[in-house]
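**Q** Please read through the structure below; I'll follow up with questions.
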Amino acid sequence: MAGRFLSLFKPIARIIPEIKAPERRVRFNEKLFWTALVLIIYLVMSEISLFGIPGSVEERLSALRVIFASSRGTLMELGIGPIVTAGLILQLLVGSAMIQCDMSNPEDRGLFTTASKVFSIVLTGVQASAYIIGGMYNPPEGGTLPGTTAIIILLQLLAAGIVVILLDELVQKGWGFGSGISLFIMAGVAQQIFWQMFSPGTGLFVGSLAAVLNRVEPMTWTTWILGYGPYPSLVGLIATIVAFLIIIYMEGVRVELPISYAGYKGFRSRYPIKLLYVSNLPVIFASALFANIYLFSQLFWNSYNRSNTNFWLNLLGMYEWKTPPGGGDPTLEPVGGLVYYVTAPHSIADVAAHPDRAIGYLIILVAFCIVFSLTWIEVGGLGPSTISKQLVDSGMQIPGYRRSGKAIEPILKRYIPTVTILGGIIVALIAGISDFFGVFGSGMGILLSVGIIYQYYETLMRERASEMYPALRRLFGE
């Protein structure tokens with residue numbers, strides 16, 4: 001039975017836009033088509049500029065782009081930020097038992113989905129309004145946007161936000177593979193890595209190599225290897241490859257518990273408990289939290305604290321315009337407050353110059369990843385009690401123990417909480433330390449993309465197998 005809070009969304013569920021789940025089995029090629037179409041729509045929206053904004057818009061939120069799969073000055077300005085933030089808020093409320101929701105109940109699950117969509121739309125409006133009020137689209141020569149233009153931009157961002165929500169729902173409801181959020185993050189990270197490596201003539205990795213070969217000052221082999229100002233480095237390229245290999249290895253590390261099937265005597269198998277038990281979800285939630293701190297601290301600074309004299313706002317964040325060492329346009333950089341410690345240094349030189357920031361960032365990231373990992377095993381139905389019930393209901397048992405949830409649960413409790421905490425620490429360290437070496441696409445982006453690719457690989461293999469051998473569908477729970 002739905003709790004009082006979720007029951008408030010019953011009338012809204014009838015009028016809010018919704019993608020219906022397929023009433024038939026969607027074939028592999030059809031899922032591939034819808035997934036590709038959703039990806040193409042996302043990429044097209046990432047290239048369509050918002051109507052009414054100035055020709056050149058200052059980049060103030062570069063730290064959010066990979067995490068939120070957003071693109072500056074386009075219909076994808078907000079990216080998946082509102083969806084992830086809404087999901088984070090609701091899952092924390094459910095995990096802390098502030099709202100009642102039984103995810104095994106179809107009615108509760110449907111109302112939870114409706115609540116997530118409503119919160120996502122509301123947060124789309126809030127974030128779009130914050131961008132406009134905070135002066136993100138003000139003309140470079142000064143002044144503010146006309147009221148009519150501001151309303152047009154707000155409506156565009158709201159419409160684009162609703163389209164993104166529906167695209168994500170289209171994929172998640174079974175018309176495509178995985179989820180739209182994962183697809184957009186993976187596409188955004190891949191795009192950024194590609195441009196950082198191969199963008200010609202722009203002073204990026206290939207461009208800086210050309211500058212070295214042509215003996216353009218101050219580019220030298222040392223600066224190309226270690227990085228210089230905005231230029232990605234050879235160390236960053238190597239760190240990107242190493243990070244990919246480490247994460248792929250970690251995805252395969254698991255503890256395997258022996259199990260037997262009560263209905264098929266003598267048939268035994270193993271139940272795997274992965275080291276990265278909750279996958280990359282803790283990093284997604286932690287990055288969403290950090291990104292929102294970065295966003296709102298910058299908007300408050302821009303509106304009320306440009307001189308860094310307000311004590312209370314300084315606790316949230318202090319900023320200064322700084323010119324990169326290699327030249328170029330000044331960028332807004334955090335120099336104090338909470339935002340300073342939730343924004344990662346992105347090079348070895350930056351870590352050496354600000355060790356307090358690097359240590360503080362790593363400690364905060366590890367702490368939040370542990371908290372979100374432990375929260376998710378309860379919210380996501382991955383706790384020992386839930387898993388033991390699922391095993392018993394599936395006709396499984398651990399050899400030498402009674403076929404009972406009470407007998408299996410203590411065994412799972414030996415592994416799941418420990419693996420959950422250890423996995424949260426590992427993903428946090430990989431994401432944080434990768435940033436310190438200047439990986440392409442950011443440490444969190446690399447971690448998220450590898451986890452997403454791995455999940456897509458498993459999904460595609462399972463879908464292909466069930467397509468070729470229909471008898472396997474019962475085994476996969478389809």
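As shown in the structure tokens, the chain order sets the letters A, B, ...; within each chain, residues go from 1, and ligands are also counted from 1 in the order they appear.
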Identify, with DSSP run on backbone atoms, the residues in segment 261-368 of chain A assigned to alpha helix (DSSP H), and express the list as a ChimeraX atom specification.
**A** /A:281-304,311-316,338-341,348-353,355-368
**Q** Taking only C-alpha atoms into account, name the residue in A:Leu167, A:Val44, A:Val371, A:Leu391 that is nearest to Glu409 of chain A.
**A**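 Once distances to Glu409 of chain A are computed over only C-alpha atoms, the minimum belongs to A:Leu391.
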**Q** Rank nothing, just name the residue among A:Val419, A:Val366, A:Ser388, A:Ser269 nearest to Lys406 of chain A, using only C-alpha atoms.
**A**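 That would be A:Ser388, the residue with the smallest distance to Lys406 of chain A.
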**Q** Do a neighbour search on segment 334-339 of chain A at 7 Å with only C-alpha atoms, toss out local chain neighbours closer than 5 positions, and write the hits as number ranges by chain.
**A** A: 293-294, 314-320
**Q** For Ser46 of chain A, find every residue with an atom within 8 Å (counting only C-alpha atoms), except residues of its own chain fewer than 2 positions away, and show them as a list of chain:residue names.
**A** A:Tyr42, A:Leu43, A:Val44, A:Ile48, A:Ser49, A:Ser70, A:Ser71, A:Thr74, A:Leu75, A:Met76, A:Glu77
**Q** With C-alpha atoms retained, write the just-selected residues as a PDB file, in the first residue's frame.
**A**
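See again.pdb below for the written result:
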```
ATOM      1  CA  TYR A  42      20.339  13.582 -27.696  1.00  0.00           C
ATOM      2  CA  LEU A  43      23.323  14.414 -29.937  1.00  0.00           C
ATOM      3  CA  VAL A  44      21.189  16.662 -32.162  1.00  0.00           C
ATOM      4  CA  ILE A  48      20.976  23.144 -31.289  1.00  0.00           C
ATOM      5  CA  SER A  49      21.648  26.527 -29.666  1.00  0.00           C
ATOM      6  CA  SER A  70      25.137  18.743 -20.771  1.00  0.00           C
ATOM      7  CA  SER A  71      26.300  21.073 -23.510  1.00  0.00           C
ATOM      8  CA  THR A  74      22.232  24.363 -26.227  1.00  0.00           C
ATOM      9  CA  LEU A  75      18.936  22.583 -25.595  1.00  0.00           C
ATOM     10  CA  MET A  76      20.977  20.133 -23.497  1.00  0.00           C
ATOM     11  CA  GLU A  77      22.191  22.940 -21.220  1.00  0.00           C
TER      12      GLU A  77
END
```
**Q** Neighbouring residues of segment 373-380 of chain A were defined as those with any atom within 8 Å, considering only C-alpha atoms; residues of the same chain fewer than 2 positions away were excluded. Please report them as a ChimeraX atom specification.
**A** /A:91-92,94-95,278,281-282,369-371,382-383,417,420-421,424
**Q** Could you write those residues out with N, CA and C atoms, as a compact mmCIF listing (two decimals), in the first residue's frame?
**A**
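Heads up, here's the output in result12.txt:
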```txt
# COMPACT_ATOMS: atom_id res chain seq x y z
N GLN A 91 15.36 8.87 -3.43
CA GLN A 91 15.97 7.65 -2.91
C GLN A 91 16.48 7.85 -1.50
N LEU A 92 17.01 9.04 -1.21
CA LEU A 92 17.44 9.33 0.15
C LEU A 92 16.24 9.38 1.10
N VAL A 94 13.42 7.72 0.72
CA VAL A 94 12.95 6.34 0.91
C VAL A 94 13.93 5.58 1.80
N GLY A 95 15.22 5.75 1.55
CA GLY A 95 16.23 5.04 2.33
C GLY A 95 16.21 5.41 3.80
N VAL A 278 27.40 -2.25 -5.87
CA VAL A 278 26.37 -1.30 -6.32
C VAL A 278 26.85 -0.52 -7.54
N LEU A 281 26.82 3.62 -9.04
CA LEU A 281 25.76 4.49 -8.52
C LEU A 281 26.23 5.44 -7.42
N PRO A 282 27.10 5.00 -6.48
CA PRO A 282 27.57 5.97 -5.46
C PRO A 282 28.27 7.17 -6.07
N CYS A 369 30.58 8.36 -0.94
CA CYS A 369 30.39 7.12 -1.70
C CYS A 369 30.03 5.96 -0.78
N ILE A 370 30.63 5.92 0.42
CA ILE A 370 30.27 4.89 1.39
C ILE A 370 28.82 5.05 1.83
N VAL A 371 28.43 6.28 2.16
CA VAL A 371 27.05 6.55 2.60
C VAL A 371 26.06 6.17 1.52
N LEU A 382 18.96 -4.57 -2.58
CA LEU A 382 20.16 -5.39 -2.70
C LEU A 382 20.69 -5.84 -1.34
N GLY A 383 19.90 -5.61 -0.27
CA GLY A 383 20.32 -5.99 1.07
C GLY A 383 20.27 -7.50 1.28
N PRO A 417 27.55 -6.30 3.27
CA PRO A 417 27.92 -4.99 3.82
C PRO A 417 29.40 -4.66 3.63
N THR A 420 30.08 -3.90 -0.01
CA THR A 420 29.45 -2.62 -0.35
C THR A 420 30.34 -1.45 0.07
N ILE A 421 30.83 -1.50 1.30
CA ILE A 421 31.71 -0.42 1.79
C ILE A 421 33.01 -0.39 1.01
N GLY A 424 32.47 1.01 -2.43
CA GLY A 424 32.31 2.47 -2.39
C GLY A 424 33.64 3.19 -2.26
```
**Q** Quick one, how far is atom CA of Thr113 of chain A from atom CA of Ile446 of chain A?
**A** 28.3 Å
